[in-house]
$ cat upload.cif   # mmCIF, C-alpha atoms
data_protein
#
loop_
_atom_site.group_PDB
_atom_site.id
_atom_site.type_symbol
_atom_site.label_atom_id
_atom_site.label_comp_id
_atom_site.auth_asym_id
_atom_site.auth_seq_id
_atom_site.Cartn_x
_atom_site.Cartn_y
_atom_site.Cartn_z
ATOM 1 C CA MET O 19 3.680 -37.628 41.755
ATOM 2 C CA LEU O 20 4.029 -34.456 39.719
ATOM 3 C CA ASP O 21 0.298 -34.647 38.894
ATOM 4 C CA ALA O 22 -0.413 -33.799 42.545
ATOM 5 C CA LEU O 23 1.138 -30.324 42.206
ATOM 6 C CA THR O 24 -1.310 -27.502 42.833
ATOM 7 C CA LEU O 25 -1.333 -23.847 41.879
ATOM 8 C CA ASP O 26 -1.805 -23.055 45.551
ATOM 9 C CA GLN O 27 1.499 -24.730 46.410
ATOM 10 C CA ILE O 28 3.305 -22.946 43.597
ATOM 11 C CA ARG O 29 1.884 -19.573 44.618
ATOM 12 C CA MET O 30 2.970 -20.166 48.230
ATOM 13 C CA PHE O 31 6.483 -21.098 47.077
ATOM 14 C CA VAL O 32 6.796 -17.898 45.020
ATOM 15 C CA THR O 33 5.365 -15.725 47.800
ATOM 16 C CA VAL O 34 7.729 -17.081 50.473
ATOM 17 C CA ALA O 35 10.684 -16.623 48.097
ATOM 18 C CA GLU O 36 9.622 -13.009 47.432
ATOM 19 C CA THR O 37 8.920 -12.069 51.060
ATOM 20 C CA GLY O 38 11.903 -13.882 52.571
ATOM 21 C CA SER O 39 10.118 -15.833 55.307
ATOM 22 C CA PHE O 40 7.250 -18.234 55.908
ATOM 23 C CA ARG O 41 5.624 -15.761 58.317
ATOM 24 C CA ALA O 42 5.741 -12.864 55.834
ATOM 25 C CA GLY O 43 4.509 -15.124 53.046
ATOM 26 C CA ALA O 44 1.610 -16.323 55.167
ATOM 27 C CA THR O 45 0.718 -12.723 56.036
ATOM 28 C CA ARG O 46 0.646 -11.681 52.378
ATOM 29 C CA LEU O 47 -1.466 -14.703 51.446
ATOM 30 C CA ARG O 48 -3.703 -14.322 54.533
ATOM 31 C CA ARG O 49 -3.089 -17.920 55.459
ATOM 32 C CA ALA O 50 -1.857 -19.612 58.616
ATOM 33 C CA GLN O 51 1.926 -19.963 58.732
ATOM 34 C CA SER O 52 1.571 -23.686 59.484
ATOM 35 C CA ALA O 53 -0.547 -24.143 56.338
ATOM 36 C CA VAL O 54 2.076 -22.405 54.184
ATOM 37 C CA SER O 55 4.931 -24.443 55.694
ATOM 38 C CA HIS O 56 2.989 -27.678 55.209
ATOM 39 C CA ALA O 57 2.103 -26.870 51.586
ATOM 40 C CA ILE O 58 5.736 -26.103 50.694
ATOM 41 C CA ALA O 59 6.946 -29.260 52.463
ATOM 42 C CA ASN O 60 4.476 -31.251 50.356
ATOM 43 C CA LEU O 61 5.693 -29.469 47.219
ATOM 44 C CA GLU O 62 9.291 -30.367 48.067
ATOM 45 C CA HIS O 63 8.256 -33.993 48.624
ATOM 46 C CA GLN O 64 6.414 -34.146 45.294
ATOM 47 C CA LEU O 65 9.319 -32.548 43.418
ATOM 48 C CA ASP O 66 11.876 -34.604 45.394
ATOM 49 C CA VAL O 67 14.064 -31.519 45.998
ATOM 50 C CA SER O 68 14.641 -29.069 48.841
ATOM 51 C CA LEU O 69 13.470 -25.625 47.818
ATOM 52 C CA PHE O 70 14.562 -23.803 50.978
ATOM 53 C CA ASP O 71 17.477 -24.141 53.365
ATOM 54 C CA ARG O 72 15.886 -23.791 56.807
ATOM 55 C CA GLY O 73 19.146 -23.955 58.777
ATOM 56 C CA GLY O 74 19.541 -20.202 59.273
ATOM 57 C CA HIS O 75 17.528 -17.466 60.917
ATOM 58 C CA ARG O 76 15.505 -17.046 57.711
ATOM 59 C CA PRO O 77 14.816 -19.585 54.985
ATOM 60 C CA THR O 78 17.001 -19.159 51.904
ATOM 61 C CA LEU O 79 16.519 -20.631 48.456
ATOM 62 C CA THR O 80 18.625 -23.667 47.645
ATOM 63 C CA PRO O 81 20.227 -23.878 44.176
ATOM 64 C CA ALA O 82 17.310 -26.110 43.147
ATOM 65 C CA GLY O 83 14.818 -23.657 44.618
ATOM 66 C CA LEU O 84 16.442 -20.756 42.777
ATOM 67 C CA ALA O 85 16.299 -22.667 39.473
ATOM 68 C CA LEU O 86 12.667 -23.728 39.935
ATOM 69 C CA LEU O 87 11.520 -20.274 41.043
ATOM 70 C CA GLU O 88 11.773 -19.058 37.434
ATOM 71 C CA ASP O 89 9.524 -21.923 36.297
ATOM 72 C CA ALA O 90 7.069 -21.201 39.105
ATOM 73 C CA HIS O 91 6.842 -17.565 38.042
ATOM 74 C CA ALA O 92 6.221 -18.674 34.443
ATOM 75 C CA VAL O 93 3.408 -21.029 35.522
ATOM 76 C CA LEU O 94 1.651 -18.322 37.544
ATOM 77 C CA LEU O 95 1.993 -15.778 34.753
ATOM 78 C CA LYS O 96 0.463 -18.258 32.299
ATOM 79 C CA VAL O 97 -2.441 -18.937 34.663
ATOM 80 C CA ASP O 98 -3.044 -15.227 35.262
ATOM 81 C CA PHE O 99 -2.908 -14.650 31.516
ATOM 82 C CA MET O 100 -5.453 -17.435 30.919
ATOM 83 C CA ARG O 101 -7.772 -15.947 33.542
ATOM 84 C CA ALA O 102 -7.475 -12.494 31.979
ATOM 85 C CA ARG O 103 -8.222 -13.900 28.542
ATOM 86 C CA ALA O 104 -11.221 -15.846 29.863
ATOM 87 C CA ARG O 105 -12.611 -12.683 31.451
ATOM 88 C CA GLY O 106 -12.221 -10.957 28.096
ATOM 89 C CA LEU O 107 -14.391 -13.616 26.471
ATOM 90 C CA GLY O 108 -17.186 -13.081 28.969
ATOM 91 C CA GLU O 109 -16.816 -9.382 29.736
ATOM 92 C CA GLY O 110 -16.325 -6.217 27.791
ATOM 93 C CA VAL O 111 -12.677 -5.368 27.080
ATOM 94 C CA GLU O 112 -11.455 -1.794 27.506
ATOM 95 C CA ILE O 113 -11.979 0.571 24.589
ATOM 96 C CA GLU O 114 -8.654 2.256 25.298
ATOM 97 C CA LEU O 115 -5.526 1.381 27.285
ATOM 98 C CA SER O 116 -2.841 3.941 28.133
ATOM 99 C CA LEU O 117 0.711 3.434 29.360
ATOM 100 C CA MET O 118 3.233 6.057 30.527
ATOM 101 C CA VAL O 119 6.882 4.929 30.456
ATOM 102 C CA ASP O 120 9.962 6.491 32.041
ATOM 103 C CA THR O 121 12.569 7.470 29.440
ATOM 104 C CA LEU O 122 15.122 5.108 31.022
ATOM 105 C CA TYR O 123 13.054 1.990 30.327
ATOM 106 C CA PRO O 124 13.905 -0.122 27.230
ATOM 107 C CA LEU O 125 11.302 0.643 24.580
ATOM 108 C CA PRO O 126 11.890 -2.671 22.708
ATOM 109 C CA VAL O 127 10.462 -4.442 25.776
ATOM 110 C CA VAL O 128 7.433 -2.127 25.734
ATOM 111 C CA ALA O 129 6.974 -2.708 22.000
ATOM 112 C CA ALA O 130 6.983 -6.491 22.415
ATOM 113 C CA ALA O 131 4.418 -6.301 25.227
ATOM 114 C CA LEU O 132 2.116 -3.943 23.318
ATOM 115 C CA LYS O 133 2.371 -6.161 20.235
ATOM 116 C CA ALA O 134 1.235 -9.159 22.297
ATOM 117 C CA VAL O 135 -1.783 -7.241 23.625
ATOM 118 C CA ARG O 136 -2.627 -5.921 20.174
ATOM 119 C CA GLU O 137 -2.585 -9.411 18.686
ATOM 120 C CA THR O 138 -5.014 -10.690 21.335
ATOM 121 C CA TRP O 139 -7.347 -7.672 21.453
ATOM 122 C CA PRO O 140 -6.993 -5.694 18.205
ATOM 123 C CA SER O 141 -10.059 -3.601 19.079
ATOM 124 C CA VAL O 142 -8.342 -1.921 22.045
ATOM 125 C CA ARG O 143 -6.898 1.512 21.247
ATOM 126 C CA LEU O 144 -3.409 1.715 22.721
ATOM 127 C CA ARG O 145 -1.792 4.959 23.880
ATOM 128 C CA LEU O 146 1.873 5.241 24.851
ATOM 129 C CA ALA O 147 3.638 8.259 26.332
ATOM 130 C CA VAL O 148 7.313 8.488 27.300
ATOM 131 C CA ALA O 149 8.515 11.041 29.847
ATOM 132 C CA PRO O 150 11.199 11.328 32.542
ATOM 133 C CA LEU O 151 11.396 11.390 36.331
ATOM 134 C CA GLY O 152 8.114 12.360 38.032
ATOM 135 C CA ALA O 153 5.927 12.297 34.920
ATOM 136 C CA PRO O 154 4.778 8.643 35.176
ATOM 137 C CA LEU O 155 3.750 9.102 38.831
ATOM 138 C CA GLN O 156 1.938 12.341 38.083
ATOM 139 C CA ALA O 157 0.089 10.708 35.178
ATOM 140 C CA LEU O 158 -1.152 7.976 37.519
ATOM 141 C CA ARG O 159 -2.122 10.475 40.200
ATOM 142 C CA GLU O 160 -4.152 12.461 37.679
ATOM 143 C CA ARG O 161 -5.663 9.315 36.117
ATOM 144 C CA GLN O 162 -4.085 10.089 32.751
ATOM 145 C CA CYS O 163 -2.916 6.485 32.271
ATOM 146 C CA ASP O 164 -3.895 2.981 33.328
ATOM 147 C CA LEU O 165 -0.361 1.743 33.949
ATOM 148 C CA ALA O 166 3.009 3.411 34.290
ATOM 149 C CA ILE O 167 6.631 2.314 34.370
ATOM 150 C CA MET O 168 8.694 4.243 36.909
ATOM 151 C CA ALA O 169 12.458 4.238 37.483
ATOM 152 C CA GLY O 170 14.108 4.259 40.904
ATOM 153 C CA GLU O 171 12.640 4.838 44.330
ATOM 154 C CA ASP O 172 12.598 8.633 44.350
ATOM 155 C CA PHE O 173 8.905 8.915 43.496
ATOM 156 C CA LEU O 174 6.674 6.914 45.821
ATOM 157 C CA ASP O 175 3.034 7.349 46.777
ATOM 158 C CA PRO O 176 0.894 5.204 49.139
ATOM 159 C CA ARG O 177 -1.906 5.328 46.577
ATOM 160 C CA ILE O 178 0.331 3.774 43.929
ATOM 161 C CA GLU O 179 1.176 0.072 43.928
ATOM 162 C CA THR O 180 4.492 -0.935 42.360
ATOM 163 C CA GLU O 181 6.019 -4.247 41.328
ATOM 164 C CA ALA O 182 9.609 -4.723 40.192
ATOM 165 C CA LEU O 183 10.304 -5.212 36.475
ATOM 166 C CA GLN O 184 14.020 -5.144 35.656
ATOM 167 C CA ARG O 185 17.231 -3.274 36.396
ATOM 168 C CA VAL O 186 18.402 -0.929 33.641
ATOM 169 C CA PRO O 187 22.160 -0.211 33.184
ATOM 170 C CA ILE O 188 22.946 3.524 33.133
ATOM 171 C CA VAL O 189 26.340 4.624 31.755
ATOM 172 C CA ALA O 190 28.240 7.892 32.205
ATOM 173 C CA VAL O 191 29.540 8.824 28.719
ATOM 174 C CA ALA O 192 31.093 11.577 26.646
ATOM 175 C CA ALA O 193 31.759 11.964 22.932
ATOM 176 C CA ALA O 194 35.071 10.560 21.704
ATOM 177 C CA SER O 195 36.178 14.134 20.953
ATOM 178 C CA HIS O 196 35.445 15.373 24.482
ATOM 179 C CA ALA O 197 38.322 16.127 26.858
ATOM 180 C CA LEU O 198 37.006 13.684 29.475
ATOM 181 C CA ALA O 199 37.051 10.823 26.943
ATOM 182 C CA ARG O 200 40.850 11.059 26.761
ATOM 183 C CA ARG O 201 41.237 10.422 30.490
ATOM 184 C CA ARG O 202 42.113 6.778 31.052
ATOM 185 C CA LYS O 203 42.165 6.897 34.858
ATOM 186 C CA ALA O 204 39.214 6.955 37.241
ATOM 187 C CA LEU O 205 37.561 10.366 37.217
ATOM 188 C CA THR O 206 36.841 12.173 40.457
ATOM 189 C CA SER O 207 33.812 14.338 41.161
ATOM 190 C CA VAL O 208 36.075 17.398 41.050
ATOM 191 C CA GLU O 209 37.253 16.550 37.530
ATOM 192 C CA LEU O 210 33.690 15.970 36.320
ATOM 193 C CA ALA O 211 32.581 19.262 37.851
ATOM 194 C CA ASP O 212 34.958 21.124 35.526
ATOM 195 C CA HIS O 213 32.820 20.167 32.528
ATOM 196 C CA VAL O 214 29.221 20.773 31.471
ATOM 197 C CA GLN O 215 26.848 17.953 32.444
ATOM 198 C CA ILE O 216 23.795 17.351 30.249
ATOM 199 C CA VAL O 217 20.848 16.759 32.571
ATOM 200 C CA LEU O 218 17.295 15.607 31.917
ATOM 201 C CA GLU O 219 14.741 18.000 33.412
ATOM 202 C CA ASP O 220 11.630 16.878 35.256
ATOM 203 C CA PRO O 221 8.496 18.166 33.476
ATOM 204 C CA THR O 222 6.611 18.002 36.812
ATOM 205 C CA PRO O 223 7.107 19.808 40.145
ATOM 206 C CA LEU O 224 7.592 16.493 41.977
ATOM 207 C CA SER O 225 11.399 16.802 42.107
ATOM 208 C CA GLU O 226 11.488 20.542 42.719
ATOM 209 C CA GLY O 227 14.664 21.444 44.605
ATOM 210 C CA ARG O 228 16.235 18.030 44.001
ATOM 211 C CA ASP O 229 18.739 16.733 41.464
ATOM 212 C CA PHE O 230 19.550 13.090 40.708
ATOM 213 C CA GLY O 231 23.096 12.121 39.731
ATOM 214 C CA VAL O 232 24.125 15.725 39.074
ATOM 215 C CA LEU O 233 27.815 16.263 39.910
ATOM 216 C CA SER O 234 28.664 19.430 37.993
ATOM 217 C CA PRO O 235 27.578 22.991 38.819
ATOM 218 C CA GLN O 236 27.665 23.580 35.058
ATOM 219 C CA THR O 237 24.534 21.968 33.661
ATOM 220 C CA LEU O 238 22.627 22.129 30.412
ATOM 221 C CA ARG O 239 19.082 20.959 31.048
ATOM 222 C CA VAL O 240 16.967 19.337 28.342
ATOM 223 C CA GLY O 241 13.461 17.960 28.140
ATOM 224 C CA THR O 242 13.958 14.695 26.229
ATOM 225 C CA GLN O 243 16.344 11.763 26.193
ATOM 226 C CA ASP O 244 16.888 12.230 22.453
ATOM 227 C CA ALA O 245 18.036 15.820 23.014
ATOM 228 C CA LYS O 246 20.355 14.707 25.791
ATOM 229 C CA ARG O 247 21.889 11.991 23.613
ATOM 230 C CA ALA O 248 22.335 14.404 20.670
ATOM 231 C CA LEU O 249 24.101 17.013 22.801
ATOM 232 C CA ILE O 250 26.435 14.446 24.349
ATOM 233 C CA LEU O 251 27.236 13.038 20.904
ATOM 234 C CA GLY O 252 27.919 16.585 19.718
ATOM 235 C CA GLY O 253 30.550 17.069 22.414
ATOM 236 C CA VAL O 254 28.634 19.777 24.296
ATOM 237 C CA GLY O 255 29.057 17.965 27.588
ATOM 238 C CA TRP O 256 28.983 14.632 29.373
ATOM 239 C CA GLY O 257 26.034 12.817 30.886
ATOM 240 C CA ARG O 258 24.398 9.545 31.875
ATOM 241 C CA LEU O 259 22.334 7.520 29.418
ATOM 242 C CA PRO O 260 20.654 4.105 29.528
ATOM 243 C CA ARG O 261 22.926 1.613 27.805
ATOM 244 C CA TRP O 262 20.138 0.226 25.587
ATOM 245 C CA VAL O 263 19.860 3.677 23.955
ATOM 246 C CA ILE O 264 23.559 3.955 23.027
ATOM 247 C CA GLU O 265 24.680 0.374 22.285
ATOM 248 C CA ARG O 266 25.598 1.242 18.687
ATOM 249 C CA GLU O 267 27.431 4.453 19.602
ATOM 250 C CA LEU O 268 29.445 2.599 22.238
ATOM 251 C CA ALA O 269 30.292 -0.207 19.800
ATOM 252 C CA GLU O 270 31.357 2.311 17.150
ATOM 253 C CA LYS O 271 33.304 4.312 19.783
ATOM 254 C CA GLN O 272 31.378 7.498 19.047
ATOM 255 C CA LEU O 273 30.694 7.571 22.768
ATOM 256 C CA VAL O 274 33.216 6.608 25.451
ATOM 257 C CA PRO O 275 32.268 5.322 28.927
ATOM 258 C CA LEU O 276 33.643 7.490 31.717
ATOM 259 C CA ALA O 277 35.190 5.803 34.749
ATOM 260 C CA ALA O 278 33.294 8.122 37.079
ATOM 261 C CA THR O 279 33.534 6.283 40.385
ATOM 262 C CA ALA O 280 30.998 8.603 42.042
ATOM 263 C CA LEU O 281 28.355 7.213 39.662
ATOM 264 C CA GLY O 282 29.066 3.524 40.238
ATOM 265 C CA PRO O 283 31.915 1.117 39.400
ATOM 266 C CA LEU O 284 33.545 2.404 36.192
ATOM 267 C CA GLY O 285 30.696 4.884 35.831
ATOM 268 C CA LEU O 286 28.081 2.134 35.482
ATOM 269 C CA ALA O 287 25.009 2.014 37.692
ATOM 270 C CA HIS O 288 21.793 -0.008 37.585
ATOM 271 C CA THR O 289 18.374 1.543 38.142
ATOM 272 C CA GLN O 290 15.488 -0.671 39.240
ATOM 273 C CA THR O 291 12.287 -0.103 37.284
ATOM 274 C CA TYR O 292 8.742 -0.726 38.472
ATOM 275 C CA LEU O 293 5.342 -1.296 36.934
ATOM 276 C CA ALA O 294 2.892 0.970 38.765
ATOM 277 C CA ARG O 295 -0.876 1.367 39.035
ATOM 278 C CA ARG O 296 -3.419 3.027 41.302
ATOM 279 C CA THR O 297 -4.563 0.952 44.278
ATOM 280 C CA ASP O 298 -8.123 2.302 43.969
ATOM 281 C CA ARG O 299 -8.590 1.261 40.359
ATOM 282 C CA ALA O 300 -8.978 -2.353 39.233
ATOM 283 C CA LEU O 301 -7.159 -3.340 36.067
ATOM 284 C CA GLY O 302 -9.286 -4.245 33.094
ATOM 285 C CA VAL O 303 -8.795 -7.286 30.899
ATOM 286 C CA ALA O 304 -6.385 -5.692 28.419
ATOM 287 C CA ALA O 305 -4.481 -3.869 31.184
ATOM 288 C CA THR O 306 -4.009 -7.156 33.033
ATOM 289 C CA ALA O 307 -2.703 -8.765 29.856
ATOM 290 C CA LEU O 308 -0.310 -5.844 29.310
ATOM 291 C CA ARG O 309 0.966 -6.201 32.869
ATOM 292 C CA LEU O 310 1.672 -9.900 32.323
ATOM 293 C CA ALA O 311 3.274 -9.278 28.925
ATOM 294 C CA LEU O 312 5.588 -6.624 30.388
ATOM 295 C CA HIS O 313 6.739 -9.055 33.062
ATOM 296 C CA GLN O 314 7.295 -11.798 30.496
ATOM 297 C CA HIS O 315 9.307 -9.625 28.112
ATOM 298 C CA ALA O 316 11.278 -7.969 30.925
ATOM 299 C CA SER O 317 12.908 -11.338 31.647
ATOM 300 C CA PRO O 318 16.429 -11.989 30.330
ATOM 301 C CA PRO O 319 16.399 -13.452 26.771
ATOM 302 C CA GLN O 320 17.741 -16.791 28.044
ATOM 303 C CA ALA O 321 14.834 -17.129 30.468
ATOM 304 C CA ARG O 322 12.296 -16.333 27.730
ATOM 305 C CA GLN O 323 13.871 -18.901 25.410
ATOM 306 C CA ARG O 324 13.801 -21.539 28.113
ATOM 307 C CA ARG O 325 10.127 -20.855 28.862
ATOM 308 C CA ALA O 326 9.318 -21.037 25.150
ATOM 309 C CA ARG O 327 11.089 -24.404 24.823
ATOM 310 C CA SER O 328 9.343 -25.664 27.933
ATOM 311 C CA ALA O 329 5.938 -24.578 26.630
ATOM 312 C CA ALA O 330 6.682 -26.391 23.359
ATOM 313 C CA GLY O 331 7.695 -29.523 25.240
ATOM 314 C CA SER O 332 11.226 -29.492 23.803
ATOM 315 C CA ASP O 333 13.218 -28.262 26.831
ATOM 316 C CA PRO O 334 15.526 -31.129 27.822
ATOM 317 C CA THR O 335 15.563 -29.821 31.424
ATOM 318 C CA THR O 336 11.789 -30.181 31.735
ATOM 319 C CA PRO O 337 10.840 -33.221 33.908
#
$ encode --input "upload.cif" --output "structure tokens"
Amino acid sequence: MLDALTLDQIRMFVTVAETGSFRAGATRLRRAQSAVSHAIANLEHQLDVSLFDRGGHRPTLTPAGLALLEDAHAVLLKVDFMRARARGLGEGVEIELSLMVDTLYPLPVVAAALKAVRETWPSVRLRLAVAPLGAPLQALRERQCDLAIMAGEDFLDPRIETEALQRVPIVAVAAASHALARRRKALTSVELADHVQIVLEDPTPLSEGRDFGVLSPQTLRVGTQDAKRALILGGVGWGRLPRWVIERELAEKQLVPLAATALGPLGLAHTQTYLARRTDRALGVAATALRLALHQHASPPQARQRRARSAAGSDPTTP
């Protein structure tokens, strides 16, 4: 019976799927491996589906397991959100909540998450800062923010805990008037090196002596994503920008994607982003809600719509 489902079973299912094995899942949950295996077997029996294919060296999600994993994540997020809200009713909520976001991360997602927190706790003062490269990590190290969104794996710290959010498409582009935009074939690193590359500069010393995705010895370094976009649009040089920033310019052909194979297939690469926080600092009520809201809004639109229909009881795929 579906009524026999427990949050413990669902959490074990999600943890095993995330860690890739029953042993690793049991270690993360601090439970016996046999208890985890038994709980998931019971969950499969209650749902009348196989969640994992156990035929190989490591368990892999079946098509049914992959489909239900999204629902399991949604259930756990809802429960965590309810717990955070309940704590807010009985405890004091933060006076202020600060978030530092890497310039690559889609700000519409951040706006939706902050709006959700604001609607629940209007008394909390919200602070948002946007900066590139090492700035989010440095802000966490120096306790200048409660949460940060970092891009890529170049800035790691054992004192900082990270959890994956979403992959952001990054496109190599030039203005339609630029010489590179007229090249229809795949561009080599040598050809790109003949032209000025607009590069975002790290405001911190964390990347001193290192460059990321820089292929040209001729660089023009800027401090903000807006400046970088303006210079590329003005034909000063070429560069890489997150696709969410330049959707309109691409559609209107003001900017042209460059088939720069050194930067990914057809010049397109995807950067994984992470929500980060200090391991020595517990999240408050509003910070916990912001974390959950960021995860919810980072999902693809189709997944959010499905969860909304399911919550309303109108999703025809809901048992």
$ closest_residue --input "upload.cif" --among "O:Leu151, O:Val303, O:Leu95, O:Ile188" --to "Ile113 (chain O)" --atoms "all atoms listed in the file"
O:Val303
$ residues_around --input "upload.cif" --residues "Gly231 (chain O)" --least-positions-apart "4" --cutoff "9 Å" --atoms "all atoms listed in the file" --output "list of chain:residue names"
O:Val217, O:Arg258, O:Ala280, O:Leu281
$ residues_around --input "upload.cif" --residues "Val142 (chain O)" --least-positions-apart "3" --cutoff "9 Å" --atoms "only C-alpha atoms" --output "list in words"
Val111, Glu112, Ile113, Glu114, Leu115, Val135, Arg136, Trp139 and Ala304 of chain O
$ residues_around --input "upload.cif" --residues "region 66-83 of chain O" --least-positions-apart "3" --cutoff "8 Å" --atoms "only C-alpha atoms" --output "ChimeraX atom specification"
/O:35,38-40,62-63,86-87
$ atom_distance --input "upload.cif" --atom1 "CA of Gln51 (chain O)" --atom2 "CA of Thr24 (chain O)"
17.9 Å
$ resolve_selection --input "upload.cif" --expression "the PyMOL selection byres ((chain O and resi 129) around 12)" --output "ChimeraX atom specification"
/O:117,119,123-128,130-136,144-146,308,311-312,315-316
$ write_last_selection --input "upload.cif" --atoms "C-alpha atoms" --output "mmCIF file, in the frame of the given file"
data_model
loop_
_atom_site.group_PDB
_atom_site.id
_atom_site.type_symbol
_atom_site.label_atom_id
_atom_site.label_comp_id
_atom_site.auth_asym_id
_atom_site.auth_seq_id
_atom_site.Cartn_x
_atom_site.Cartn_y
_atom_site.Cartn_z
ATOM 1 C CA LEU O 117 0.711 3.434 29.360
ATOM 2 C CA VAL O 119 6.882 4.929 30.456
ATOM 3 C CA TYR O 123 13.054 1.990 30.327
ATOM 4 C CA PRO O 124 13.905 -0.122 27.230
ATOM 5 C CA LEU O 125 11.302 0.643 24.580
ATOM 6 C CA PRO O 126 11.890 -2.671 22.708
ATOM 7 C CA VAL O 127 10.462 -4.442 25.776
ATOM 8 C CA VAL O 128 7.433 -2.127 25.734
ATOM 9 C CA ALA O 130 6.983 -6.491 22.415
ATOM 10 C CA ALA O 131 4.418 -6.301 25.227
ATOM 11 C CA LEU O 132 2.116 -3.943 23.318
ATOM 12 C CA LYS O 133 2.371 -6.161 20.235
ATOM 13 C CA ALA O 134 1.235 -9.159 22.297
ATOM 14 C CA VAL O 135 -1.783 -7.241 23.625
ATOM 15 C CA ARG O 136 -2.627 -5.921 20.174
ATOM 16 C CA LEU O 144 -3.409 1.715 22.721
ATOM 17 C CA ARG O 145 -1.792 4.959 23.880
ATOM 18 C CA LEU O 146 1.873 5.241 24.851
ATOM 19 C CA LEU O 308 -0.310 -5.844 29.310
ATOM 20 C CA ALA O 311 3.274 -9.278 28.925
ATOM 21 C CA LEU O 312 5.588 -6.624 30.388
ATOM 22 C CA HIS O 315 9.307 -9.625 28.112
ATOM 23 C CA ALA O 316 11.278 -7.969 30.925
#
$ closest_residue --input "upload.cif" --among "O:Val97, O:Ala182, O:Leu23, O:Ala169" --to "Leu65 (chain O)" --atoms "all atoms listed in the file"
O:Leu23
$ residues_around --input "upload.cif" --residues "Met168 (chain O)" --least-positions-apart "3" --cutoff "7 Å" --atoms "only C-alpha atoms" --output "PyMOL selection string"
chain O and resi 119-120+154+291-294
$ write_last_selection --input "upload.cif" --atoms "C-alpha atoms" --output "PDB file, in the frame of the given file"
ATOM      1  CA  VAL O 119       6.882   4.929  30.456  1.00  0.00           C
ATOM      2  CA  ASP O 120       9.962   6.491  32.041  1.00  0.00           C
ATOM      3  CA  PRO O 154       4.778   8.643  35.176  1.00  0.00           C
ATOM      4  CA  THR O 291      12.287  -0.103  37.284  1.00  0.00           C
ATOM      5  CA  TYR O 292       8.742  -0.726  38.472  1.00  0.00           C
ATOM      6  CA  LEU O 293       5.342  -1.296  36.934  1.00  0.00           C
ATOM      7  CA  ALA O 294       2.892   0.970  38.765  1.00  0.00           C
TER       8      ALA O 294
END
$ closest_residue --input "upload.cif" --among "O:Ser141, O:Gln184, O:Gln215, O:Gln156" --to "Val240 (chain O)" --atoms "only C-alpha atoms"
O:Gln215
$ residues_around --input "upload.cif" --residues "Ser195 (chain O)" --least-positions-apart "6" --cutoff "12 Å" --atoms "all atoms listed in the file" --output "PyMOL selection string"
chain O and resi 201+250-256+271-274
$ atom_distance --input "upload.cif" --atom1 "CA of Leu174 (chain O)" --atom2 "CA of Arg228 (chain O)"
14.8 Å
$ closest_residue --input "upload.cif" --among "O:Leu84, O:Ala193, O:Ala278, O:Ala211" --to "Ala248 (chain O)" --atoms "all atoms listed in the file"
O:Ala193
$ closest_residue --input "upload.cif" --among "O:Ile178, O:Val214, O:Leu249, O:Ala194" --to "Thr297 (chain O)" --atoms "only C-alpha atoms"
O:Ile178
$ closest_residue --input "upload.cif" --among "O:Leu310, O:Ala22, O:Leu284, O:Thr242" --to "Leu183 (chain O)" --atoms "all atoms listed in the file"
O:Leu310
